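Each remark here refers to the structure printed beneath this line.
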Amino acid sequence: MVELEINGVERRIDMPPDTPLLWAIRDGLHLAGTKFGCGMGLCGACTVHLDGQPIRSCITPLSTAAGHRITTIEGLGHGSDIATLHPAQQAWIEGSVAQCGYCQSGQIMSAAALLDSNPDPSDDDIDRALSGNLCRCGTYPRIRAAVRRAAELKRRGERVVQTWDPNVAVAPLGGLPA
Amino acid sequence: MSSSAQGPVLDRRSFLKTSAVAGGGLVLGVHLTGCASSPPIAGEGSLSPDAWLQITPDDRVIFQLDKTEMGQGVITSLPTLVGEELELDPSRIHIHLAPVHSRFQDPIQVTGGSTSIASRWIPVRETGAAAREMLRSAAAEQWSVPGSEIEVRDGIVSHGGSGRSARYGELAEAASRQPVPSNPPLKAAADFRWIGHSVPRTDRVSKSTGTAVFGMDVGLNGAALPGLVTAVVIRSPRFGAVLESFDGHAAREQPGVIGVFQISSGVAVLAEGYWPARKAAEQVTTRWSEGPLAGVDSDAIEAEQRRLLDENSGRSVRNDGNFAQAAEAARTVIEAEYVVPHLAHATMEPMNCTAWVRNGECDVWVPTQGPDIVQAVAAETAKLSRKQVRVHSTLMGGGFGRRGIPDYAAEAVEVSRLAGRPVKVVWSREDDMRHDFYRPATCNRLRATIDTEGEVSGWEHRLVGPSIISNLVPDFLGALLPGWVPGRLTNVLGRAGGAVIRGRDSSSVEGAADLPYAIANVRVESLVHDPGVPIGFWRAVGHSQNAFVVESFVDEVAHAAGEDPLAFREQRLADHPRHLATLRLAAEKADWGSPAPGRSQGVAVHESFGSVVTEIAEVSVTNGRIRVHRVVCALDCGLVVNPDIVRAQMEGGIIFGLTAALKSRVTLENGGIKQSNFHDYELLRMDESPAIEVYFVERDAPPSGVGEPGTPPIAPAVANAVFAATGQRLRRMPFILEHT
């Protein structure tokens, strides 16, 4: 049994301590926003924060995370209103960054950590902080722009004004027995 | 294509008739259809002029997204088409990922070939227009006023004279009893409110908050699937090797392990979650036959390709004039050999599929480009009829052609059938890299002739590689779907062959046989050599490599003729106005001829999937390292339905092509793939990504493809820029510079 704090909540996870944090988060806690991409810390899709620092959860054993504060994409913002999301998420939405979207949780987690340590990153800073996050769809130019925009939002304490209607969304996955 | 194999392709009127018969007035919700062939209709009293659209009495407007979403944006752009004609903001439309349905098969329900918007441009708009006119007729009848005085707009049907109005949903039932107009009037382009504007992506929030449901997330995000377990599969180390024996005793003792058993593709390890399954799999020992490719490596394949080019002439796919005579009379003959390697798709989401086979039925939750290919393969694997298989498409974490092949779905269905419970099969990155269907490796020999007047008189392109269609059809398509013939499949998947080689596999020569330049004597020959490496469709398919070969060699010829590469192209594309327009627009925006200090420019233009794209790359080379700083892209894709999404597709297509140009190569070693993960199959990274500018040639023609056409021109544009910078000609991908 391993105890850790995930997204502000104390959780006990009954998995062997050598289980990678990624699989504890996904299969153990059913938080699916953190993605499996490579299993070797090479692509960044599994990026989460451990005590505010970005880590690759696919190569971080549960035992290392024990007793620490973990934040996943689900815990980065709050609620269903865009105004309560993290500035990085707001900038991502505003800039329509995502294509397939699979890598974007990890990209956003890396960006959020960068902004915590560097409120006004240069393009080089952004490149350095995010070059470990791969994107096969090639959204890099938009990610770069969105990080700059997120930094601006965060510095100014502003929010993205949006036209998103939260009542309309893509239907949840169908086909499950009633 | 026989109609018995697939069911007839319905038009809108027969769709409605069939719906009435099948549903008997009581129709079923799309998520819980009792029968896979039931039309996807939302409920009693709904207005559904065609399978794409339902308007329910409780005022929901539902769009059935029959094309699957892999990042290319159909989840936004197709609802835009219906919303435009329905006079309803696309953001108010609910989107359902559609089941397999005959109306969506044309003749197969597949997403590929950059065809989604082009193929739906008329029928989906007509669906929205039909609903609009049926609402109008219903209101006219109820209110006893002329239809021409009724306005249908923004969810409200209204009559100014009487002040009466009703919501779309309130009129849905009455409208559903109106006749379906056969040719509903479509809006004029000048009246478009959303088409041509950058309607925000409908998936941008879910993909920025971790709530979007990919195949990998089935059973985790959203509804649970009781008893779902995870399986990993140990597959052959060499293509075609057969499992001779295995020992799963130690694995079965591992915690969380449910079962270890043989399946068609290897040994399946079932456990309570991915990690226990993966760890237990390490305890399984396997013995494999040598297989047909034992001892074969990439160098041997390339050597064999060279031998074939040395000793054989190929099938002629184009023969204008007389190249041999042009060569004899030439003042100068330029020759070059171009080689491209096998490439993996490397979608960020590894292959995965969830299946549940039970009591004569089967559900498959799958990130796929071909729901009905999955249905056919699942039925075969589960020993059921296709009607007993329900396919639930999920979002895809990338596709690029890989997810049109149903091997991973067949695997999940087989494991579930044997295990008797719902199973999610998850591939590791290594599985994904080593069991892909690769972009073919080809070898190309080119000759061009310059006559005594100094004019380019001849062009010869001889290439050798495998045939994707012949490679795939026996495994997945031919046996299961006897109605398919390769030629039909070729057309369905949007290959450009058309007039040139209809009925054959044009994918290997597309972009080569259709050389657009005004050259009197052109000979293009294709040799087929299939070494047995699994191959498939990879973003832009044949264009992805042939554009590199052709546009690089055009550059060589331009330099040999002493002409500016841009002027050379313009002069010989005088009767190709779309090529010319994109060339000129790109040249203007990139300030052709005046690159930034320390940088060099290269240009390439290529037509694919109905669109023409010019790209100009600005590069610098320092210490043998190529740095791409800026790419200017100009395209003609007809009417631009969503400028922001098209821009994103160009950006992504360029970076995808840059990865191939600068980074990627899959090599065969002793019959298996050597690379395994992103350390030895590298993708372009953020710090290597250029600034990209995208410009449109404004045109009112119907929309053509955008998902793939951005990829082909970038490799030659960069290679040509590197030549301008260094004098080195790059004739092999990925590019490696001799140290200067």
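Ligands are numbered from 1 in the order shown, residues from 1 within each chain, and chains are lettered A, B, ... in the order they appear in the structure tokens.
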Each residue of chain A with at least one atom at most 7 Å from chain B should appear once, together with its nearest atom pair and the corresponding distance in Å (one decimal); atoms considered: only C-alpha atoms; ordering: chain, then increasing residue number; output as JSON lines.
{"residue": "A:Thr19", "atom": "CA", "partner": "B:Trp275", "partner_atom": "CA", "distance": 6.8}
{"residue": "A:Trp23", "atom": "CA", "partner": "B:Trp275", "partner_atom": "CA", "distance": 6.5}
{"residue": "A:Asp27", "atom": "CA", "partner": "B:Gly273", "partner_atom": "CA", "distance": 5.9}
{"residue": "A:His30", "atom": "CA", "partner": "B:Leu220", "partner_atom": "CA", "distance": 5.0}
{"residue": "A:Leu31", "atom": "CA", "partner": "B:Leu220", "partner_atom": "CA", "distance": 6.9}
{"residue": "A:Ala32", "atom": "CA", "partner": "B:Asn221", "partner_atom": "CA", "distance": 5.8}
{"residue": "A:Gly33", "atom": "CA", "partner": "B:Gly210", "partner_atom": "CA", "distance": 3.9}
{"residue": "A:Gly37", "atom": "CA", "partner": "B:Met348", "partner_atom": "CA", "distance": 5.7}
{"residue": "A:Cys38", "atom": "CA", "partner": "B:Arg429", "partner_atom": "CA", "distance": 5.0}
{"residue": "A:Leu42", "atom": "CA", "partner": "B:Phe678", "partner_atom": "CA", "distance": 6.1}
{"residue": "A:Ile73", "atom": "CA", "partner": "B:Gly210", "partner_atom": "CA", "distance": 6.0}
{"residue": "A:Glu74", "atom": "CA", "partner": "B:Gly210", "partner_atom": "CA", "distance": 6.4}
{"residue": "A:Gln89", "atom": "CA", "partner": "B:Ser208", "partner_atom": "CA", "distance": 5.6}
{"residue": "A:Trp92", "atom": "CA", "partner": "B:Ser208", "partner_atom": "CA", "distance": 6.4}
{"residue": "A:Ile93", "atom": "CA", "partner": "B:Arg204", "partner_atom": "CA", "distance": 5.4}
{"residue": "A:Ser96", "atom": "CA", "partner": "B:Arg204", "partner_atom": "CA", "distance": 5.9}
{"residue": "A:Ala98", "atom": "CA", "partner": "B:Arg204", "partner_atom": "CA", "distance": 6.4}
{"residue": "A:Gln99", "atom": "CA", "partner": "B:Gly71", "partner_atom": "CA", "distance": 3.9}
{"residue": "A:Cys100", "atom": "CA", "partner": "B:Gly71", "partner_atom": "CA", "distance": 3.5}
{"residue": "A:Gly101", "atom": "CA", "partner": "B:Lys207", "partner_atom": "CA", "distance": 5.2}
{"residue": "A:Tyr102", "atom": "CA", "partner": "B:Gly397", "partner_atom": "CA", "distance": 4.9}
{"residue": "A:Cys103", "atom": "CA", "partner": "B:Met348", "partner_atom": "CA", "distance": 6.8}
{"residue": "A:Gln104", "atom": "CA", "partner": "B:Ser208", "partner_atom": "CA", "distance": 6.6}
{"residue": "A:Ser105", "atom": "CA", "partner": "B:Gly210", "partner_atom": "CA", "distance": 5.9}
{"residue": "A:Asp127", "atom": "CA", "partner": "B:Asp687", "partner_atom": "CA", "distance": 4.8}
{"residue": "A:Leu130", "atom": "CA", "partner": "B:Met686", "partner_atom": "CA", "distance": 6.6}
{"residue": "A:Ser131", "atom": "CA", "partner": "B:Met686", "partner_atom": "CA", "distance": 4.9}
{"residue": "A:Leu134", "atom": "CA", "partner": "B:Arg685", "partner_atom": "CA", "distance": 6.1}
{"residue": "A:Arg136", "atom": "CA", "partner": "B:Met348", "partner_atom": "CA", "distance": 6.2}
{"residue": "A:Cys137", "atom": "CA", "partner": "B:Gly652", "partner_atom": "CA", "distance": 5.2}
{"residue": "A:Gly138", "atom": "CA", "partner": "B:Gly652", "partner_atom": "CA", "distance": 4.2}
{"residue": "A:Thr139", "atom": "CA", "partner": "B:Gly652", "partner_atom": "CA", "distance": 6.1}
{"residue": "A:Tyr140", "atom": "CA", "partner": "B:Met686", "partner_atom": "CA", "distance": 5.5}
{"residue": "A:Pro141", "atom": "CA", "partner": "B:Ala691", "partner_atom": "CA", "distance": 6.6}
{"residue": "A:Val168", "atom": "CA", "partner": "B:His94", "partner_atom": "CA", "distance": 6.1}
{"residue": "A:Ala169", "atom": "CA", "partner": "B:His94", "partner_atom": "CA", "distance": 6.3}
{"residue": "A:Val170", "atom": "CA", "partner": "B:Ile95", "partner_atom": "CA", "distance": 5.1}
{"residue": "A:Ala171", "atom": "CA", "partner": "B:His96", "partner_atom": "CA", "distance": 5.4}
{"residue": "A:Pro172", "atom": "CA", "partner": "B:Gly222", "partner_atom": "CA", "distance": 6.7}
{"residue": "A:Leu173", "atom": "CA", "partner": "B:Gly222", "partner_atom": "CA", "distance": 7.0}
{"residue": "A:Gly174", "atom": "CA", "partner": "B:His31", "partner_atom": "CA", "distance": 4.7}
{"residue": "A:Gly175", "atom": "CA", "partner": "B:His31", "partner_atom": "CA", "distance": 4.9}
Please produce a file of the residues just selected, as a CSV table (one decimal), in the first residue's frame, where the atoms kept are N, CA and C atoms.
chain,number,residue,atom,x,y,z
A,19,THR,N,5.7,-0.3,-9.3
A,19,THR,CA,4.8,0.0,-10.4
A,19,THR,C,5.1,1.5,-10.8
A,23,TRP,N,1.1,4.1,-14.3
A,23,TRP,CA,0.1,3.0,-14.3
A,23,TRP,C,-0.7,3.0,-13.0
A,27,ASP,N,-4.3,3.0,-14.3
A,27,ASP,CA,-5.1,1.8,-14.0
A,27,ASP,C,-5.5,1.7,-12.5
A,30,HIS,N,-7.7,5.5,-12.2
A,30,HIS,CA,-8.6,5.8,-13.4
A,30,HIS,C,-8.6,7.3,-13.8
A,31,LEU,N,-7.4,7.9,-13.6
A,31,LEU,CA,-7.3,9.2,-14.2
A,31,LEU,C,-6.6,9.0,-15.5
A,32,ALA,N,-7.3,9.2,-16.6
A,32,ALA,CA,-6.8,8.9,-17.9
A,32,ALA,C,-6.2,10.0,-18.7
A,33,GLY,N,-6.1,11.2,-18.1
A,33,GLY,CA,-5.6,12.3,-18.9
A,33,GLY,C,-4.1,12.2,-19.0
A,37,GLY,N,3.1,6.9,-23.7
A,37,GLY,CA,3.6,7.1,-25.1
A,37,GLY,C,4.8,6.2,-25.4
A,38,CYS,N,5.7,6.0,-24.4
A,38,CYS,CA,7.0,5.3,-24.7
A,38,CYS,C,7.4,4.4,-23.6
A,42,LEU,N,11.0,9.1,-22.8
A,42,LEU,CA,11.6,9.6,-24.0
A,42,LEU,C,10.6,10.6,-24.7
A,73,ILE,N,-2.9,16.4,-15.1
A,73,ILE,CA,-3.7,17.4,-15.9
A,73,ILE,C,-5.1,17.6,-15.3
A,74,GLU,N,-5.7,16.6,-14.7
A,74,GLU,CA,-7.0,16.7,-14.1
A,74,GLU,C,-7.0,17.7,-12.9
A,89,GLN,N,-3.7,26.0,-20.0
A,89,GLN,CA,-4.9,25.4,-20.7
A,89,GLN,C,-5.7,26.4,-21.5
A,92,TRP,N,-3.9,27.2,-24.6
A,92,TRP,CA,-4.0,26.0,-25.5
A,92,TRP,C,-5.4,26.0,-26.2
A,93,ILE,N,-6.4,26.3,-25.5
A,93,ILE,CA,-7.8,26.4,-26.0
A,93,ILE,C,-7.9,27.5,-27.0
A,96,SER,N,-6.2,26.9,-30.3
A,96,SER,CA,-6.5,25.6,-31.0
A,96,SER,C,-5.2,24.8,-31.2
A,98,ALA,N,-4.2,21.8,-30.1
A,98,ALA,CA,-4.2,20.3,-30.2
A,98,ALA,C,-4.7,19.9,-31.6
A,99,GLN,N,-4.0,18.9,-32.1
A,99,GLN,CA,-4.6,18.2,-33.3
A,99,GLN,C,-5.1,16.8,-32.8
A,100,CYS,N,-4.3,15.8,-32.8
A,100,CYS,CA,-4.8,14.5,-32.2
A,100,CYS,C,-5.0,14.7,-30.7
A,101,GLY,N,-4.1,15.5,-30.1
A,101,GLY,CA,-4.3,15.8,-28.7
A,101,GLY,C,-3.7,14.9,-27.7
A,102,TYR,N,-3.1,13.7,-28.2
A,102,TYR,CA,-2.7,12.7,-27.3
A,102,TYR,C,-1.5,13.2,-26.4
A,103,CYS,N,-0.6,14.0,-27.0
A,103,CYS,CA,0.6,14.4,-26.2
A,103,CYS,C,0.3,15.7,-25.4
A,104,GLN,N,-0.8,16.3,-25.6
A,104,GLN,CA,-1.0,17.7,-25.1
A,104,GLN,C,-1.1,17.8,-23.5
A,105,SER,N,-1.6,16.7,-22.9
A,105,SER,CA,-1.6,16.8,-21.4
A,105,SER,C,-0.1,17.0,-20.9
A,127,ASP,N,11.8,26.4,-25.7
A,127,ASP,CA,12.4,25.3,-26.5
A,127,ASP,C,13.1,24.3,-25.5
A,130,LEU,N,10.5,22.4,-23.2
A,130,LEU,CA,9.6,21.5,-23.9
A,130,LEU,C,10.2,20.6,-25.0
A,131,SER,N,11.5,20.7,-25.2
A,131,SER,CA,12.0,19.8,-26.3
A,131,SER,C,12.0,18.4,-25.9
A,134,LEU,N,7.5,15.2,-27.1
A,134,LEU,CA,7.3,15.0,-28.6
A,134,LEU,C,5.8,15.1,-29.0
A,136,ARG,N,3.8,14.2,-32.6
A,136,ARG,CA,3.9,13.7,-33.9
A,136,ARG,C,3.0,14.5,-34.9
A,137,CYS,N,2.0,15.2,-34.4
A,137,CYS,CA,1.1,16.0,-35.3
A,137,CYS,C,1.9,17.3,-35.7
A,138,GLY,N,2.9,17.6,-35.0
A,138,GLY,CA,3.7,18.8,-35.4
A,138,GLY,C,3.0,20.1,-34.9
A,139,THR,N,2.5,20.1,-33.7
A,139,THR,CA,1.9,21.3,-33.1
A,139,THR,C,2.9,22.3,-32.5
A,140,TYR,N,4.2,22.0,-32.7
A,140,TYR,CA,5.2,22.8,-32.0
A,140,TYR,C,5.1,24.4,-32.1
A,141,PRO,N,4.8,24.9,-33.4
A,141,PRO,CA,4.7,26.3,-33.5
A,141,PRO,C,3.6,26.9,-32.6
A,168,VAL,N,-22.3,21.8,-24.6
A,168,VAL,CA,-22.2,21.0,-25.9
A,168,VAL,C,-20.8,20.5,-25.9
A,169,ALA,N,-20.7,19.2,-26.1
A,169,ALA,CA,-19.4,18.5,-26.1
A,169,ALA,C,-19.6,17.3,-27.0
A,170,VAL,N,-18.5,16.7,-27.3
A,170,VAL,CA,-18.5,15.5,-28.0
A,170,VAL,C,-19.1,14.4,-27.1
A,171,ALA,N,-20.0,13.6,-27.7
A,171,ALA,CA,-20.7,12.6,-26.9
A,171,ALA,C,-19.7,11.7,-26.3
A,172,PRO,N,-20.0,11.2,-25.0
A,172,PRO,CA,-19.1,10.3,-24.4
A,172,PRO,C,-19.1,9.0,-25.2
A,173,LEU,N,-18.1,8.2,-25.0
A,173,LEU,CA,-18.0,6.9,-25.7
A,173,LEU,C,-19.2,6.1,-25.6
A,174,GLY,N,-19.7,5.6,-26.7
A,174,GLY,CA,-20.9,4.8,-26.7
A,174,GLY,C,-20.7,3.3,-26.6
A,175,GLY,N,-21.8,2.6,-26.6
A,175,GLY,CA,-21.7,1.2,-26.8
A,175,GLY,C,-21.7,0.4,-25.5
Discussion item. For the strand (DSSP E) assignment from backbone DSSP, which residues of range 409-632 of chain B qualify? Please present them as an MDAnalysis selection string.
Written reply: chainID B and resid 423:426 442:450 456:465 521:528 600:608 611:622 625:632
Worksheet item: Could you pull out the alpha helix (DSSP H) residues of range 17-172 of chain A from DSSP and send them as a PyMOL selection string?
Response: chain A and resi 21-23+62-65+73-76+87-94+104-117+123-130+140-156
Output the selection as a PDB file, in the first residue's frame - C-alpha atoms for each residue.
ATOM      1  CA  LEU A  21       3.467   6.115 -11.234  1.00  0.00           C
ATOM      2  CA  LEU A  22       1.860   6.356 -14.695  1.00  0.00           C
ATOM      3  CA  TRP A  23       0.115   3.017 -14.323  1.00  0.00           C
ATOM      4  CA  LEU A  62       5.322   4.522  -7.111  1.00  0.00           C
ATOM      5  CA  SER A  63       7.713   4.204  -4.157  1.00  0.00           C
ATOM      6  CA  THR A  64       9.489   7.410  -5.235  1.00  0.00           C
ATOM      7  CA  ALA A  65       6.194   9.277  -5.358  1.00  0.00           C
ATOM      8  CA  ILE A  73      -3.689  17.380 -15.899  1.00  0.00           C
ATOM      9  CA  GLU A  74      -6.995  16.733 -14.090  1.00  0.00           C
ATOM     10  CA  GLY A  75      -5.748  18.696 -11.096  1.00  0.00           C
ATOM     11  CA  LEU A  76      -4.152  21.575 -12.960  1.00  0.00           C
ATOM     12  CA  PRO A  87      -3.499  29.826 -17.943  1.00  0.00           C
ATOM     13  CA  ALA A  88      -1.643  27.274 -20.066  1.00  0.00           C
ATOM     14  CA  GLN A  89      -4.873  25.373 -20.695  1.00  0.00           C
ATOM     15  CA  GLN A  90      -6.651  28.614 -21.539  1.00  0.00           C
ATOM     16  CA  ALA A  91      -3.931  29.552 -23.996  1.00  0.00           C
ATOM     17  CA  TRP A  92      -4.013  26.045 -25.500  1.00  0.00           C
ATOM     18  CA  ILE A  93      -7.768  26.358 -26.037  1.00  0.00           C
ATOM     19  CA  GLU A  94      -7.563  29.862 -27.414  1.00  0.00           C
ATOM     20  CA  GLN A 104      -1.009  17.655 -25.060  1.00  0.00           C
ATOM     21  CA  SER A 105      -1.561  16.781 -21.389  1.00  0.00           C
ATOM     22  CA  GLY A 106       2.170  16.253 -21.107  1.00  0.00           C
ATOM     23  CA  GLN A 107       2.942  19.393 -23.085  1.00  0.00           C
ATOM     24  CA  ILE A 108       0.674  21.461 -20.852  1.00  0.00           C
ATOM     25  CA  MET A 109       2.174  19.987 -17.671  1.00  0.00           C
ATOM     26  CA  SER A 110       5.671  20.851 -18.889  1.00  0.00           C
ATOM     27  CA  ALA A 111       4.547  24.355 -19.835  1.00  0.00           C
ATOM     28  CA  ALA A 112       2.827  24.932 -16.489  1.00  0.00           C
ATOM     29  CA  ALA A 113       5.985  23.910 -14.623  1.00  0.00           C
ATOM     30  CA  LEU A 114       8.064  26.243 -16.776  1.00  0.00           C
ATOM     31  CA  LEU A 115       5.775  29.174 -16.007  1.00  0.00           C
ATOM     32  CA  ASP A 116       6.033  28.473 -12.283  1.00  0.00           C
ATOM     33  CA  SER A 117       9.790  28.859 -12.398  1.00  0.00           C
ATOM     34  CA  ASP A 123      11.659  31.274 -27.035  1.00  0.00           C
ATOM     35  CA  ASP A 124      14.914  29.549 -26.116  1.00  0.00           C
ATOM     36  CA  ASP A 125      13.630  28.938 -22.596  1.00  0.00           C
ATOM     37  CA  ILE A 126      10.455  27.458 -24.042  1.00  0.00           C
ATOM     38  CA  ASP A 127      12.379  25.269 -26.468  1.00  0.00           C
ATOM     39  CA  ARG A 128      14.617  24.013 -23.670  1.00  0.00           C
ATOM     40  CA  ALA A 129      11.748  23.266 -21.310  1.00  0.00           C
ATOM     41  CA  LEU A 130       9.578  21.516 -23.881  1.00  0.00           C
ATOM     42  CA  TYR A 140       5.221  22.844 -31.964  1.00  0.00           C
ATOM     43  CA  PRO A 141       4.739  26.315 -33.489  1.00  0.00           C
ATOM     44  CA  ARG A 142       1.382  26.620 -31.735  1.00  0.00           C
ATOM     45  CA  ILE A 143       2.725  25.256 -28.477  1.00  0.00           C
ATOM     46  CA  ARG A 144       5.456  27.878 -28.529  1.00  0.00           C
ATOM     47  CA  ALA A 145       2.901  30.618 -29.158  1.00  0.00           C
ATOM     48  CA  ALA A 146       0.564  29.240 -26.492  1.00  0.00           C
ATOM     49  CA  VAL A 147       3.300  29.175 -23.848  1.00  0.00           C
ATOM     50  CA  ARG A 148       4.088  32.818 -24.574  1.00  0.00           C
ATOM     51  CA  ARG A 149       0.386  33.632 -24.355  1.00  0.00           C
ATOM     52  CA  ALA A 150      -0.023  31.666 -21.116  1.00  0.00           C
ATOM     53  CA  ALA A 151       2.892  33.554 -19.585  1.00  0.00           C
ATOM     54  CA  GLU A 152       1.231  36.806 -20.529  1.00  0.00           C
ATOM     55  CA  LEU A 153      -2.118  35.729 -19.083  1.00  0.00           C
ATOM     56  CA  LYS A 154      -0.473  34.598 -15.873  1.00  0.00           C
ATOM     57  CA  ARG A 155       1.636  37.734 -15.428  1.00  0.00           C
ATOM     58  CA  ARG A 156      -1.313  40.016 -16.017  1.00  0.00           C
TER      59      ARG A 156
END
Worksheet entry | Residue nearest Cys43 in chain A - candidates A:Cys135, A:Val160, A:Leu85, A:Ile55, atoms counted: only C-alpha atoms | A:Cys135
Practice prompt. Find the distance between CA of Ile616 in chain B and CA of Thr726 in chain B and write it in Å to one decimal.
Written response: 17.0 Å
Worksheet entry | Who sits within 8 Å of range 163-167 of chain B, only C-alpha atoms, same chain under 6 positions skipped, as a list in words | Asp59, Trp143, Gly155, Ile156 and Val157 of chain B
Please produce a file of those selected residues containing C-alpha atoms, as a PDB file, in the first residue's frame.
ATOM      1  CA  ASP B  59     -34.169  20.340 -29.603  1.00  0.00           C
ATOM      2  CA  TRP B 143     -49.147  28.217 -39.768  1.00  0.00           C
ATOM      3  CA  GLY B 155     -32.354  27.339 -34.130  1.00  0.00           C
ATOM      4  CA  ILE B 156     -35.605  29.243 -34.672  1.00  0.00           C
ATOM      5  CA  VAL B 157     -38.180  28.974 -37.453  1.00  0.00           C
TER       6      VAL B 157
END
Worksheet item: So how many Å separate CA of Glu455 in chain B and CA of Ile334 in chain B, to one decimal?
Response: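 The value is 13.0 Å.
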Discussion item. Between CA of Gly672 in chain B and CA of Pro712 in chain B, what distance in Å does the model show, to one decimal?
Written reply: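 Those two atoms sit 27.7 Å apart.
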Discussion item. Applying 8 Å and only C-alpha atoms, which residues near range 176-178 of chain B remain after dropping the ones on its own chain fewer than 4 positions away? List them as a list of chain:residue names.
Written reply: B:Gly45, B:Ser46, B:Leu47, B:Ser48, B:Pro49, B:Met134, B:Ser137, B:Ala138, B:Ala172
